[in-house]
$ cat target_35.cif   # mmCIF, C-alpha atoms
data_protein
#
loop_
_atom_site.label_atom_id
_atom_site.label_comp_id
_atom_site.auth_asym_id
_atom_site.auth_seq_id
_atom_site.Cartn_x
_atom_site.Cartn_y
_atom_site.Cartn_z
CA MET D 225 -34.85 20.70 5.88
CA GLY D 226 -38.53 20.97 5.11
CA THR D 227 -40.72 18.47 3.34
CA ALA D 228 -37.97 17.36 0.99
CA MET D 229 -36.40 15.46 3.85
CA SER D 230 -39.25 13.05 4.40
CA ALA D 231 -40.58 10.19 2.32
CA VAL D 232 -43.25 9.17 4.84
CA LEU D 233 -43.62 11.65 7.68
CA PRO D 234 -45.32 15.05 7.53
CA ALA D 235 -42.85 17.93 7.74
CA PRO D 236 -43.37 18.88 11.44
CA LEU D 237 -42.93 15.28 12.56
CA ALA D 238 -39.96 14.80 10.20
CA MET D 239 -38.21 17.76 11.78
CA ARG D 240 -39.07 16.53 15.30
CA VAL D 241 -37.59 13.10 14.51
CA PHE D 242 -34.38 14.64 13.23
CA ALA D 243 -34.10 17.10 16.14
CA ALA D 244 -34.68 14.46 18.83
CA PHE D 245 -32.05 12.08 17.48
CA ALA D 246 -29.70 14.98 16.78
CA SER D 247 -29.90 16.02 20.45
CA GLY D 248 -28.52 12.63 21.49
CA TYR D 249 -25.72 12.81 18.95
CA PHE D 250 -24.95 16.37 20.07
CA MET D 251 -24.26 14.98 23.54
CA SER D 252 -22.33 12.00 22.18
CA TYR D 253 -19.94 14.24 20.26
CA ALA D 254 -19.64 16.73 23.12
CA LEU D 255 -18.63 14.01 25.57
CA ARG D 256 -16.28 12.52 22.98
CA SER D 257 -14.45 15.85 22.63
CA VAL D 258 -14.57 17.40 26.10
CA ASN D 259 -11.29 15.88 27.30
CA ALA D 260 -9.38 18.01 24.79
CA VAL D 261 -10.27 21.06 26.93
CA ILE D 262 -10.30 19.57 30.45
CA ALA D 263 -7.07 17.59 29.89
CA PRO D 264 -4.90 20.14 31.82
CA ASP D 265 -7.23 19.86 34.85
CA LEU D 266 -7.15 16.06 34.75
CA ILE D 267 -3.34 16.02 34.34
CA ALA D 268 -2.93 18.43 37.26
CA GLU D 269 -5.33 16.60 39.59
CA PHE D 270 -4.39 12.99 38.76
CA GLY D 271 -0.80 13.36 37.46
CA LEU D 272 -1.51 11.69 34.12
CA SER D 273 1.14 10.91 31.47
CA ASN D 274 0.35 11.18 27.74
CA ALA D 275 -0.20 7.42 27.60
CA GLN D 276 -2.54 7.52 30.64
CA LEU D 277 -4.45 10.49 29.23
CA GLY D 278 -4.85 8.68 25.91
CA SER D 279 -5.96 5.48 27.65
CA LEU D 280 -8.48 7.36 29.80
CA SER D 281 -10.00 9.20 26.86
CA SER D 282 -10.03 6.09 24.71
CA ALA D 283 -12.12 4.20 27.31
CA TYR D 284 -15.07 5.93 25.65
CA PHE D 285 -14.12 4.44 22.29
CA ILE D 286 -13.34 0.89 23.41
CA ALA D 287 -16.65 0.67 25.28
CA PHE D 288 -18.43 2.27 22.33
CA ALA D 289 -16.83 -0.24 19.95
CA ALA D 290 -17.68 -3.23 22.17
CA MET D 291 -21.35 -2.25 22.02
CA GLN D 292 -21.67 -2.12 18.25
CA MET D 293 -22.48 -5.76 17.46
CA PRO D 294 -25.16 -6.25 20.14
CA LEU D 295 -26.41 -2.76 19.29
CA GLY D 296 -27.06 -3.76 15.69
CA ILE D 297 -29.14 -6.72 16.82
CA TRP D 298 -31.12 -4.60 19.29
CA LEU D 299 -31.79 -1.91 16.69
CA ASP D 300 -33.13 -4.40 14.15
CA ARG D 301 -35.12 -6.25 16.85
CA PHE D 302 -36.49 -3.43 19.04
CA GLY D 303 -36.17 -0.27 16.96
CA SER D 304 -34.15 2.91 17.25
CA ARG D 305 -36.44 4.84 19.58
CA ARG D 306 -36.48 2.32 22.44
CA VAL D 307 -32.80 1.41 22.20
CA ASP D 308 -31.42 4.94 21.98
CA ALA D 309 -33.62 6.34 24.73
CA THR D 310 -32.53 3.56 27.11
CA LEU D 311 -28.82 3.83 26.34
CA LEU D 312 -28.74 7.60 26.83
CA LEU D 313 -29.73 7.02 30.46
CA VAL D 314 -26.66 4.79 30.83
CA ALA D 315 -24.56 7.68 29.51
CA ALA D 316 -26.11 9.97 32.11
CA ALA D 317 -25.08 7.50 34.82
CA GLY D 318 -21.56 7.46 33.36
CA CYS D 319 -21.37 11.24 33.61
CA ALA D 320 -22.36 11.01 37.27
CA VAL D 321 -19.63 8.42 37.95
CA PHE D 322 -17.04 10.59 36.17
CA ALA D 323 -18.12 13.67 38.14
CA LEU D 324 -17.74 11.76 41.44
CA ALA D 325 -14.40 10.13 40.56
CA HIS D 326 -11.42 10.40 42.90
CA SER D 327 -9.19 7.87 41.16
CA VAL D 328 -8.03 7.17 37.62
CA ALA D 329 -9.84 3.82 37.71
CA MET D 330 -13.14 5.50 38.56
CA LEU D 331 -12.59 8.06 35.80
CA TRP D 332 -12.03 5.16 33.38
CA VAL D 333 -15.25 3.42 34.47
CA GLY D 334 -17.26 6.62 34.10
CA ARG D 335 -15.78 7.28 30.68
CA ALA D 336 -16.54 3.70 29.59
CA LEU D 337 -20.16 3.98 30.76
CA ILE D 338 -20.51 7.17 28.74
CA GLY D 339 -19.18 5.32 25.69
CA ILE D 340 -21.71 2.52 26.19
CA GLY D 341 -24.55 4.98 26.64
CA VAL D 342 -23.94 7.08 23.55
CA SER D 343 -22.99 4.11 21.37
CA GLY D 344 -26.36 4.15 19.63
CA ALA D 345 -26.77 7.90 19.16
CA LEU D 346 -25.73 8.02 15.51
CA MET D 347 -26.48 4.41 14.52
CA ALA D 348 -30.04 4.56 15.86
CA SER D 349 -30.75 7.72 13.90
CA LEU D 350 -29.26 6.41 10.63
CA ARG D 351 -31.25 3.19 10.91
CA ALA D 352 -34.48 5.09 11.60
CA PHE D 353 -33.81 7.50 8.73
CA ARG D 354 -33.66 4.59 6.27
CA PHE D 355 -37.32 3.83 7.01
CA TRP D 356 -38.57 7.41 7.32
CA TYR D 357 -36.75 9.24 4.50
CA VAL D 358 -36.04 8.58 0.82
CA ASP D 359 -32.75 6.92 -0.18
CA ALA D 360 -31.56 10.01 -2.02
CA ARG D 361 -31.48 11.92 1.30
CA GLN D 362 -29.58 9.37 3.37
CA GLN D 363 -26.04 10.72 2.94
CA GLN D 364 -27.36 14.27 3.28
CA LEU D 365 -29.07 13.40 6.57
CA ALA D 366 -25.88 11.71 7.79
CA ALA D 367 -23.95 14.90 7.06
CA TRP D 368 -26.54 16.99 8.91
CA MET D 369 -26.33 14.67 11.90
CA LEU D 370 -22.61 15.38 11.94
CA VAL D 371 -23.42 19.10 11.96
CA ALA D 372 -25.35 18.47 15.19
CA GLY D 373 -22.48 16.42 16.55
CA THR D 374 -19.87 19.00 15.72
CA LEU D 375 -22.03 21.64 17.38
CA GLY D 376 -21.60 19.50 20.49
CA ALA D 377 -17.84 19.57 19.99
CA LEU D 378 -18.04 23.38 19.67
CA VAL D 379 -19.75 23.62 23.05
CA THR D 380 -16.84 21.76 24.63
CA THR D 381 -14.29 24.39 23.55
CA VAL D 382 -14.63 28.03 24.60
CA PRO D 383 -17.96 27.59 26.48
CA VAL D 384 -16.51 24.78 28.61
CA GLN D 385 -13.29 26.74 29.13
CA TRP D 386 -15.40 29.64 30.43
CA ALA D 387 -17.47 27.30 32.61
CA LEU D 388 -14.50 25.60 34.27
CA PRO D 389 -13.75 28.43 36.74
CA LEU D 390 -17.44 28.55 37.70
CA VAL D 391 -18.45 24.89 38.03
CA GLY D 392 -15.18 22.96 37.51
CA TRP D 393 -14.79 19.91 35.30
CA ARG D 394 -17.00 17.90 37.68
CA GLY D 395 -19.84 20.41 37.33
CA VAL D 396 -19.57 20.15 33.52
CA PHE D 397 -20.33 16.43 33.78
CA TRP D 398 -23.29 16.97 36.11
CA ILE D 399 -24.77 19.35 33.53
CA ALA D 400 -24.13 16.76 30.81
CA ALA D 401 -25.97 14.10 32.85
CA ALA D 402 -29.07 16.31 33.05
CA MET D 403 -28.99 17.06 29.32
CA LEU D 404 -28.73 13.35 28.48
CA CYS D 405 -31.81 12.62 30.57
CA ALA D 406 -33.72 15.32 28.68
CA SER D 407 -32.64 13.90 25.31
CA SER D 408 -33.68 10.39 26.34
CA ALA D 409 -37.12 11.64 27.35
CA ALA D 410 -37.60 13.47 24.03
CA ILE D 411 -36.77 10.35 22.02
CA ALA D 412 -38.86 7.99 24.16
CA LEU D 413 -41.95 10.17 24.46
CA LYS D 414 -42.12 12.32 21.32
CA LEU D 415 -41.25 9.98 18.42
CA PRO D 416 -43.07 7.20 16.57
CA SER D 417 -41.59 3.72 16.27
CA GLU D 418 -40.09 2.62 12.95
CA PRO D 419 -40.40 -0.94 11.53
CA VAL D 420 -38.41 -3.69 13.23
CA HIS D 421 -37.18 -7.00 11.84
CA ALA D 422 -38.73 -10.12 13.33
CA ALA D 423 -36.10 -12.83 13.18
CA HIS D 424 -36.89 -16.37 12.08
CA PRO D 425 -36.93 -18.73 15.11
CA ASP D 426 -34.00 -20.71 13.66
CA GLU D 427 -31.99 -17.63 12.68
CA SER D 428 -29.01 -16.71 14.83
CA PRO D 429 -29.04 -12.97 15.54
CA TRP D 430 -25.28 -12.99 14.98
CA ALA D 431 -25.35 -14.79 11.62
CA ALA D 432 -26.00 -11.62 9.65
CA TYR D 433 -22.68 -10.21 10.80
CA ARG D 434 -20.89 -12.96 8.88
CA GLN D 435 -22.55 -11.67 5.72
CA VAL D 436 -21.57 -8.08 6.49
CA PHE D 437 -17.98 -8.74 7.57
CA GLY D 438 -17.51 -11.26 4.75
CA GLU D 439 -18.24 -8.68 2.06
CA PRO D 440 -14.95 -7.42 0.47
CA TYR D 441 -16.51 -4.07 -0.48
CA PHE D 442 -17.20 -3.47 3.21
CA TRP D 443 -13.46 -3.73 3.85
CA ARG D 444 -12.40 -1.64 0.87
CA PHE D 445 -13.87 1.45 2.54
CA GLY D 446 -13.65 0.09 6.06
CA ILE D 447 -9.86 0.08 6.11
CA VAL D 448 -9.91 3.84 5.49
CA SER D 449 -12.41 4.43 8.27
CA LEU D 450 -10.33 2.23 10.59
CA THR D 451 -7.28 4.43 10.02
CA VAL D 452 -7.92 7.82 8.38
CA GLN D 453 -11.36 8.76 9.72
CA ALA D 454 -10.63 7.22 13.12
CA SER D 455 -7.33 9.06 13.45
CA PHE D 456 -8.88 12.40 12.56
CA ILE D 457 -11.59 12.00 15.22
CA ALA D 458 -8.97 10.90 17.75
CA PHE D 459 -7.06 14.11 17.00
CA GLN D 460 -10.20 16.25 17.11
CA SER D 461 -11.49 14.78 20.35
CA LEU D 462 -8.19 14.83 22.25
CA TRP D 463 -4.81 15.40 20.62
CA VAL D 464 -5.38 18.73 18.85
CA GLY D 465 -5.51 20.43 22.25
CA PRO D 466 -2.17 19.04 23.52
CA TRP D 467 -0.63 19.69 20.06
CA LEU D 468 -1.57 23.36 20.25
CA ARG D 469 -0.24 23.70 23.79
CA THR D 470 2.88 21.53 23.60
CA VAL D 471 4.03 21.82 19.98
CA LEU D 472 2.97 25.40 19.23
CA GLY D 473 3.23 26.80 22.76
CA ILE D 474 -0.30 28.23 22.84
CA ASP D 475 -1.77 28.97 26.28
CA ALA D 476 -4.91 27.17 27.49
CA ASP D 477 -7.38 29.98 26.74
CA SER D 478 -6.00 30.56 23.24
CA ALA D 479 -5.97 26.82 22.58
CA ALA D 480 -9.66 26.61 23.55
CA GLN D 481 -10.42 29.48 21.16
CA ALA D 482 -8.47 27.73 18.39
CA LEU D 483 -10.40 24.50 19.07
CA PHE D 484 -13.63 26.46 18.85
CA VAL D 485 -12.68 27.79 15.41
CA PHE D 486 -11.50 24.33 14.33
CA ASN D 487 -14.81 22.70 15.30
CA LEU D 488 -16.79 25.58 13.82
CA VAL D 489 -15.05 25.07 10.47
CA LEU D 490 -15.71 21.33 10.74
CA MET D 491 -19.39 21.94 11.46
CA LEU D 492 -19.71 24.32 8.49
CA GLY D 493 -17.93 21.74 6.35
CA TYR D 494 -20.49 19.08 7.30
CA LEU D 495 -23.32 21.53 6.65
CA ALA D 496 -21.94 22.37 3.20
CA LEU D 497 -21.40 18.68 2.44
CA GLY D 498 -25.01 17.92 3.37
CA TRP D 499 -26.28 20.50 0.89
CA ALA D 500 -23.78 19.60 -1.83
CA VAL D 501 -23.98 15.78 -1.88
CA PRO D 502 -27.20 15.44 -3.97
CA ALA D 503 -25.88 17.85 -6.60
CA MET D 504 -22.46 16.18 -6.69
CA VAL D 505 -24.06 12.75 -7.17
CA ARG D 506 -26.11 14.11 -10.08
CA GLN D 507 -22.89 15.43 -11.64
CA GLY D 508 -21.26 12.00 -11.52
CA TRP D 509 -19.12 12.29 -8.37
CA THR D 510 -18.91 8.86 -6.74
CA THR D 511 -18.33 8.20 -3.06
CA LEU D 512 -15.05 6.49 -3.97
CA ARG D 513 -13.80 9.54 -5.82
CA LEU D 514 -14.79 11.92 -3.01
CA VAL D 515 -13.28 9.81 -0.22
CA ALA D 516 -10.03 9.08 -2.06
CA GLY D 517 -9.56 12.71 -3.06
CA GLY D 518 -10.37 14.03 0.40
CA THR D 519 -8.00 11.55 2.04
CA ALA D 520 -5.13 12.53 -0.26
CA VAL D 521 -5.67 16.19 0.63
CA MET D 522 -5.77 15.29 4.34
CA LEU D 523 -2.40 13.56 4.19
CA ALA D 524 -0.79 16.50 2.42
CA ILE D 525 -2.09 18.89 5.07
CA GLU D 526 -1.01 16.60 7.94
CA LEU D 527 2.51 16.53 6.46
CA ALA D 528 2.54 20.33 6.52
CA ILE D 529 1.27 20.33 10.14
CA ALA D 530 4.05 17.95 11.18
CA PHE D 531 6.73 20.44 10.10
CA ALA D 532 4.99 23.78 10.68
CA HIS D 533 6.24 26.23 13.34
CA GLY D 534 5.06 29.62 14.49
CA ALA D 535 1.88 31.18 15.83
CA TRP D 536 0.11 30.84 12.47
CA ALA D 537 0.65 27.06 12.27
CA TRP D 538 -2.62 26.23 14.06
CA LEU D 539 -4.48 27.51 10.97
CA LEU D 540 -3.41 24.38 9.08
CA TRP D 541 -5.85 22.37 11.17
CA LEU D 542 -8.75 24.26 9.53
CA PRO D 543 -8.39 22.94 5.95
CA LEU D 544 -7.72 19.50 7.46
CA ALA D 545 -11.16 19.69 9.10
CA LEU D 546 -12.79 20.56 5.78
CA ALA D 547 -11.04 17.75 3.89
CA ALA D 548 -11.95 15.20 6.59
CA THR D 549 -15.71 15.67 6.17
CA VAL D 550 -15.90 13.54 3.02
CA ASN D 551 -14.86 10.41 4.94
CA THR D 552 -18.24 10.39 6.65
CA LEU D 553 -19.92 9.47 3.36
CA SER D 554 -18.40 5.98 3.43
CA GLN D 555 -20.54 4.52 6.19
CA THR D 556 -23.91 5.33 4.65
CA HIS D 557 -22.65 4.39 1.17
CA VAL D 558 -21.45 0.94 2.26
CA SER D 559 -24.32 0.20 4.66
CA LEU D 560 -26.99 0.92 2.05
CA SER D 561 -25.42 -1.79 -0.13
CA PHE D 562 -26.96 -4.40 2.18
CA PRO D 563 -30.64 -5.47 2.43
CA ALA D 564 -32.95 -3.35 4.58
CA LYS D 565 -33.34 -6.10 7.20
CA LEU D 566 -29.57 -5.88 7.84
CA THR D 567 -29.52 -2.09 8.15
CA GLY D 568 -28.84 -1.95 11.88
CA ARG D 569 -26.10 -4.55 11.72
CA ALA D 570 -24.47 -3.08 8.60
CA PHE D 571 -24.26 0.38 10.20
CA THR D 572 -23.02 -0.92 13.52
CA ALA D 573 -20.48 -3.31 11.97
CA TYR D 574 -18.99 -0.38 10.07
CA ASN D 575 -19.10 1.76 13.16
CA LEU D 576 -17.28 -0.97 15.07
CA LEU D 577 -14.35 -0.59 12.69
CA THR D 578 -14.27 3.17 13.06
CA MET D 579 -14.62 3.18 16.83
CA THR D 580 -11.98 0.48 17.23
CA GLY D 581 -9.68 2.66 15.15
CA MET D 582 -10.49 5.68 17.32
CA PHE D 583 -9.67 3.75 20.48
CA LEU D 584 -6.37 2.53 19.04
CA ALA D 585 -5.43 5.92 17.58
CA GLN D 586 -6.28 7.92 20.70
CA TRP D 587 -4.36 5.54 22.96
CA LEU D 588 -1.46 4.57 20.70
CA PHE D 589 -0.80 8.11 19.53
CA GLY D 590 -0.10 9.02 23.17
CA VAL D 591 2.09 5.93 23.56
CA THR D 592 3.97 6.86 20.37
CA VAL D 593 4.49 10.43 21.55
CA ASP D 594 6.05 9.14 24.77
CA LEU D 595 8.23 6.58 22.96
CA LEU D 596 9.49 8.87 20.20
CA GLY D 597 9.85 11.89 22.45
CA GLY D 598 11.86 10.23 25.20
CA GLY D 599 9.02 10.46 27.73
CA GLY D 600 7.11 13.47 28.99
CA HIS D 601 5.22 16.05 26.95
CA SER D 602 7.74 16.48 24.11
CA GLU D 603 7.31 18.61 20.98
CA GLN D 604 9.48 16.23 18.95
CA GLY D 605 7.49 13.27 20.19
CA PHE D 606 4.29 14.80 18.83
CA ARG D 607 5.82 15.63 15.44
CA ARG D 608 7.37 12.18 14.98
CA ALA D 609 4.16 10.45 16.03
CA LEU D 610 2.18 12.39 13.43
CA LEU D 611 4.64 11.38 10.70
CA ALA D 612 4.17 7.74 11.69
CA TRP D 613 0.40 8.20 11.45
CA ILE D 614 0.70 9.70 7.95
CA VAL D 615 2.50 6.57 6.73
CA LEU D 616 -0.24 4.35 8.19
CA GLN D 617 -3.01 6.38 6.55
CA LEU D 618 -1.21 6.41 3.19
CA ALA D 619 -1.22 2.61 3.20
CA ALA D 620 -5.01 2.64 3.76
CA LEU D 621 -5.53 5.10 0.90
CA LEU D 622 -3.62 2.79 -1.46
CA VAL D 623 -5.92 -0.09 -0.48
CA LEU D 624 -8.99 2.02 -1.23
CA VAL D 625 -7.74 3.10 -4.63
CA PHE D 626 -6.20 -0.12 -5.94
CA TRP D 627 -8.39 -2.87 -4.43
CA ARG D 628 -11.04 -2.89 -7.15
CA VAL D 629 -13.82 -4.95 -5.59
CA ARG D 630 -17.40 -4.07 -6.47
CA PRO D 631 -20.36 -3.41 -4.14
CA PRO D 632 -22.77 -6.32 -3.54
CA LYS D 633 -25.47 -4.29 -5.31
CA PRO D 634 -25.57 -0.82 -6.89
CA ALA D 635 -25.00 1.81 -4.18
CA THR D 636 -25.34 5.55 -4.15
#
$ encode --input "target_35.cif" --output "structure tokens"
Amino acid sequence: MGTAMSAVLPAPLAMRVFAAFASGYFMSYALRSVNAVIAPDLIAEFGLSNAQLGSLSSAYFIAFAAMQMPLGIWLDRFGSRRVDATLLLVAAAGCAVFALAHSVAMLWVGRALIGIGVSGALMASLRAFRFWYVDARQQQLAAWMLVAGTLGALVTTVPVQWALPLVGWRGVFWIAAAMLCASSAAIALKLPSEPVHAAHPDESPWAAYRQVFGEPYFWRFGIVSLTVQASFIAFQSLWVGPWLRTVLGIDADSAAQALFVFNLVLMLGYLALGWAVPAMVRQGWTTLRLVAGGTAVMLAIELAIAFAHGAWAWLLWLPLALAATVNTLSQTHVSLSFPAKLTGRAFTAYNLLTMTGMFLAQWLFGVTVDLLGGGGHSEQGFRRALLAWIVLQLAALLVLVFWRVRPPKPAT
């Protein structure tokens, strides 16, 4: 990353800033994805249905989404370092509650606390990066943060599957609690503070959200994040695992290995995107063109997945992971269209859309599987549910392409 990353900070400090925030997002993504591997243990111990499993996993997302609007105010008022370091300790407490749980309700509370605690992991970093790095690097840095996050998802595949016989799913969450405490300490004690916005005494801290949510360009891209990007992350963080086991008949160990490869490809895709974005922008590729093209490819691949049979069919999830990476460009692109003093609220408002979509997709996909499959863990239910999701995402793509509203100011 080197000196090219930083507009203000010397290279060693620039790398320390990135690494500290990336450690928090690593944990956020790991805890988002871990249920895809431990789902069989939770089903066996608590007798969960698909709908209950989806609801439990989505507690992370609904809590995460509920935090976004106050989070934006806190970030602009108190700065990324203080807010993120504090919230990561809440996530550590959530891991402890989850590890101690002996009822579905307690699992849900622990999962929700985790969602609250990691709700600032990416938003805090992106806000801080706006003040510490040049504008031309913002989308690149966002892609590299997703590399760190996907590395967290990788750790929750084969490594967690190997760890389960040794420490159990409860032990996995105790380890996560300790790692969150370490990340919080690194951010609180090793980083400088970035500028904060001092509000006018008569200014409502919530008023800026009206400006953000009232901007049509925000919704042009936001509708795709609410559906397409959110659905992909819901699949990645939960439903790919049950798909591999139920639809394709893959055993638990092989499914964990397939998830490892899937997340590895996704991580490499984010890494390649981070390196390629500056060159693609210079060559005239717009964010709109990249997101629309990537989404169209995603839908074609999902259609193939819905009908594919045989041991090789899991390979179709790999090009889907590559195509999905371009959707991450939308958030930075749209958020940088707003004034710097609204940075925290622009990022978190956009994230609220995405996380709300993740909650709905992760929960309602399970409900749809049960409804269309006649109850139980049905192969046909999974296939029909995916077809329904393709139709929903196609509608969002048409909005993106044909709703020709302009950004509030020139954006990258």
$ resolve_selection --input "target_35.cif" --expression "the PyMOL selection byres ((chain D and resi 343) around 9)" --output "list in words"
Ser252, Phe285, Ala287, Phe288, Ala289, Met291, Gln292, Leu295, Asp308, Leu311, Leu312, Ile338, Gly339, Ile340, Gly341, Val342, Gly344, Ala345, Leu346, Met347 and Ala348 of chain D
$ resolve_selection --input "target_35.cif" --expression "the PyMOL selection byres ((chain D and resi 322-334) around 12)" --output "PDB file with C-alpha atoms, keeping the file's coordinate frame"
ATOM      1  CA  LEU D 255     -18.630  14.010  25.570  1.00  0.00           C
ATOM      2  CA  ASN D 259     -11.290  15.880  27.300  1.00  0.00           C
ATOM      3  CA  LEU D 266      -7.150  16.060  34.750  1.00  0.00           C
ATOM      4  CA  ILE D 267      -3.340  16.020  34.340  1.00  0.00           C
ATOM      5  CA  GLU D 269      -5.330  16.600  39.590  1.00  0.00           C
ATOM      6  CA  PHE D 270      -4.390  12.990  38.760  1.00  0.00           C
ATOM      7  CA  GLY D 271      -0.800  13.360  37.460  1.00  0.00           C
ATOM      8  CA  LEU D 272      -1.510  11.690  34.120  1.00  0.00           C
ATOM      9  CA  SER D 273       1.140  10.910  31.470  1.00  0.00           C
ATOM     10  CA  GLN D 276      -2.540   7.520  30.640  1.00  0.00           C
ATOM     11  CA  LEU D 277      -4.450  10.490  29.230  1.00  0.00           C
ATOM     12  CA  GLY D 278      -4.850   8.680  25.910  1.00  0.00           C
ATOM     13  CA  SER D 279      -5.960   5.480  27.650  1.00  0.00           C
ATOM     14  CA  LEU D 280      -8.480   7.360  29.800  1.00  0.00           C
ATOM     15  CA  SER D 281     -10.000   9.200  26.860  1.00  0.00           C
ATOM     16  CA  SER D 282     -10.030   6.090  24.710  1.00  0.00           C
ATOM     17  CA  ALA D 283     -12.120   4.200  27.310  1.00  0.00           C
ATOM     18  CA  TYR D 284     -15.070   5.930  25.650  1.00  0.00           C
ATOM     19  CA  PHE D 285     -14.120   4.440  22.290  1.00  0.00           C
ATOM     20  CA  ILE D 286     -13.340   0.890  23.410  1.00  0.00           C
ATOM     21  CA  ALA D 287     -16.650   0.670  25.280  1.00  0.00           C
ATOM     22  CA  VAL D 314     -26.660   4.790  30.830  1.00  0.00           C
ATOM     23  CA  ALA D 315     -24.560   7.680  29.510  1.00  0.00           C
ATOM     24  CA  ALA D 316     -26.110   9.970  32.110  1.00  0.00           C
ATOM     25  CA  ALA D 317     -25.080   7.500  34.820  1.00  0.00           C
ATOM     26  CA  GLY D 318     -21.560   7.460  33.360  1.00  0.00           C
ATOM     27  CA  CYS D 319     -21.370  11.240  33.610  1.00  0.00           C
ATOM     28  CA  ALA D 320     -22.360  11.010  37.270  1.00  0.00           C
ATOM     29  CA  VAL D 321     -19.630   8.420  37.950  1.00  0.00           C
ATOM     30  CA  ARG D 335     -15.780   7.280  30.680  1.00  0.00           C
ATOM     31  CA  ALA D 336     -16.540   3.700  29.590  1.00  0.00           C
ATOM     32  CA  LEU D 337     -20.160   3.980  30.760  1.00  0.00           C
ATOM     33  CA  ILE D 338     -20.510   7.170  28.740  1.00  0.00           C
ATOM     34  CA  GLY D 339     -19.180   5.320  25.690  1.00  0.00           C
ATOM     35  CA  ILE D 340     -21.710   2.520  26.190  1.00  0.00           C
ATOM     36  CA  GLY D 341     -24.550   4.980  26.640  1.00  0.00           C
ATOM     37  CA  VAL D 391     -18.450  24.890  38.030  1.00  0.00           C
ATOM     38  CA  GLY D 392     -15.180  22.960  37.510  1.00  0.00           C
ATOM     39  CA  TRP D 393     -14.790  19.910  35.300  1.00  0.00           C
ATOM     40  CA  ARG D 394     -17.000  17.900  37.680  1.00  0.00           C
ATOM     41  CA  GLY D 395     -19.840  20.410  37.330  1.00  0.00           C
ATOM     42  CA  VAL D 396     -19.570  20.150  33.520  1.00  0.00           C
ATOM     43  CA  PHE D 397     -20.330  16.430  33.780  1.00  0.00           C
ATOM     44  CA  TRP D 398     -23.290  16.970  36.110  1.00  0.00           C
ATOM     45  CA  ILE D 399     -24.770  19.350  33.530  1.00  0.00           C
ATOM     46  CA  ALA D 400     -24.130  16.760  30.810  1.00  0.00           C
ATOM     47  CA  ALA D 401     -25.970  14.100  32.850  1.00  0.00           C
TER      48      ALA D 401
END
$ resolve_selection --input "target_35.cif" --expression "the PyMOL selection byres ((chain D and resi 621) around 12)" --output "ChimeraX atom specification"
/D:444-453,512-513,515-523,551,614-620,622-627
$ closest_residue --input "target_35.cif" --among "D:Val258, D:Ala309, D:Ile474, D:Leu546" --to "Gly534 (chain D)" --atoms "all atoms listed in the file"
D:Ile474
$ atom_distance --input "target_35.cif" --atom1 "CA of Ala612 (chain D)" --atom2 "CA of Ala268 (chain D)"
28.6 Å
$ closest_residue --input "target_35.cif" --among "D:Met491, D:Met504, D:Leu413, D:Leu544" --to "Ala524 (chain D)" --atoms "all atoms listed in the file"
D:Leu544
$ residues_around --input "target_35.cif" --residues "Val436 (chain D)" --least-positions-apart "6" --cutoff "9 Å" --atoms "all atoms listed in the file" --output "list in words"
Phe442, Ser559, Phe562, Leu566, Arg569, Ala570, Ala573 and Tyr574 of chain D
$ atom_distance --input "target_35.cif" --atom1 "CA of Leu495 (chain D)" --atom2 "CA of Ala532 (chain D)"
28.7 Å
$ closest_residue --input "target_35.cif" --among "D:Trp587, D:Leu415, D:Tyr441, D:Pro543" --to "Pro236 (chain D)" --atoms "only C-alpha atoms"
D:Leu415
$ closest_residue --input "target_35.cif" --among "D:Ala528, D:Leu390, D:Ala410, D:Ala377" --to "Phe486 (chain D)" --atoms "all atoms listed in the file"
D:Ala377
$ residues_around --input "target_35.cif" --residues "Phe459 (chain D)" --least-positions-apart "2" --cutoff "12 Å" --atoms "only C-alpha atoms" --output "VMD selection string"
chain D and resid 256 to 257 259 to 260 278 281 to 282 451 to 457 461 to 468 483 486 to 487 526 541 544 to 545 548 581 to 590 606 609 to 610 613
$ residues_around --input "target_35.cif" --residues "Gln385 (chain D)" --least-positions-apart "6" --cutoff "10 Å" --atoms "only C-alpha atoms" --output "mmCIF file with C-alpha atoms, keeping the file's coordinate frame"
data_model
loop_
_atom_site.group_PDB
_atom_site.id
_atom_site.type_symbol
_atom_site.label_atom_id
_atom_site.label_comp_id
_atom_site.auth_asym_id
_atom_site.auth_seq_id
_atom_site.Cartn_x
_atom_site.Cartn_y
_atom_site.Cartn_z
ATOM 1 C CA VAL D 258 -14.570 17.400 26.100
ATOM 2 C CA VAL D 261 -10.270 21.060 26.930
ATOM 3 C CA ILE D 262 -10.300 19.570 30.450
ATOM 4 C CA VAL D 379 -19.750 23.620 23.050
ATOM 5 C CA GLY D 392 -15.180 22.960 37.510
ATOM 6 C CA TRP D 393 -14.790 19.910 35.300
ATOM 7 C CA ALA D 476 -4.910 27.170 27.490
ATOM 8 C CA ASP D 477 -7.380 29.980 26.740
ATOM 9 C CA ALA D 479 -5.970 26.820 22.580
ATOM 10 C CA ALA D 480 -9.660 26.610 23.550
ATOM 11 C CA GLN D 481 -10.420 29.480 21.160
#
$ atom_distance --input "target_35.cif" --atom1 "CA of Glu439 (chain D)" --atom2 "CA of Gln555 (chain D)"
14.0 Å
$ residues_near_point --input "target_35.cif" --point "(-21.6, 19.4, 9.3)" --cutoff "9 Å" --atoms "only C-alpha atoms" --output "MDAnalysis selection string"
chainID D and resid 366:375 489:498 549
$ closest_residue --input "target_35.cif" --among "D:Leu542, D:Ala275, D:Asp359, D:Ala243" --to "Asp594 (chain D)" --atoms "all atoms listed in the file"
D:Ala275
$ closest_residue --input "target_35.cif" --among "D:Gln435, D:Thr552, D:Thr470, D:Asn274" --to "Thr592 (chain D)" --atoms "all atoms listed in the file"
D:Asn274
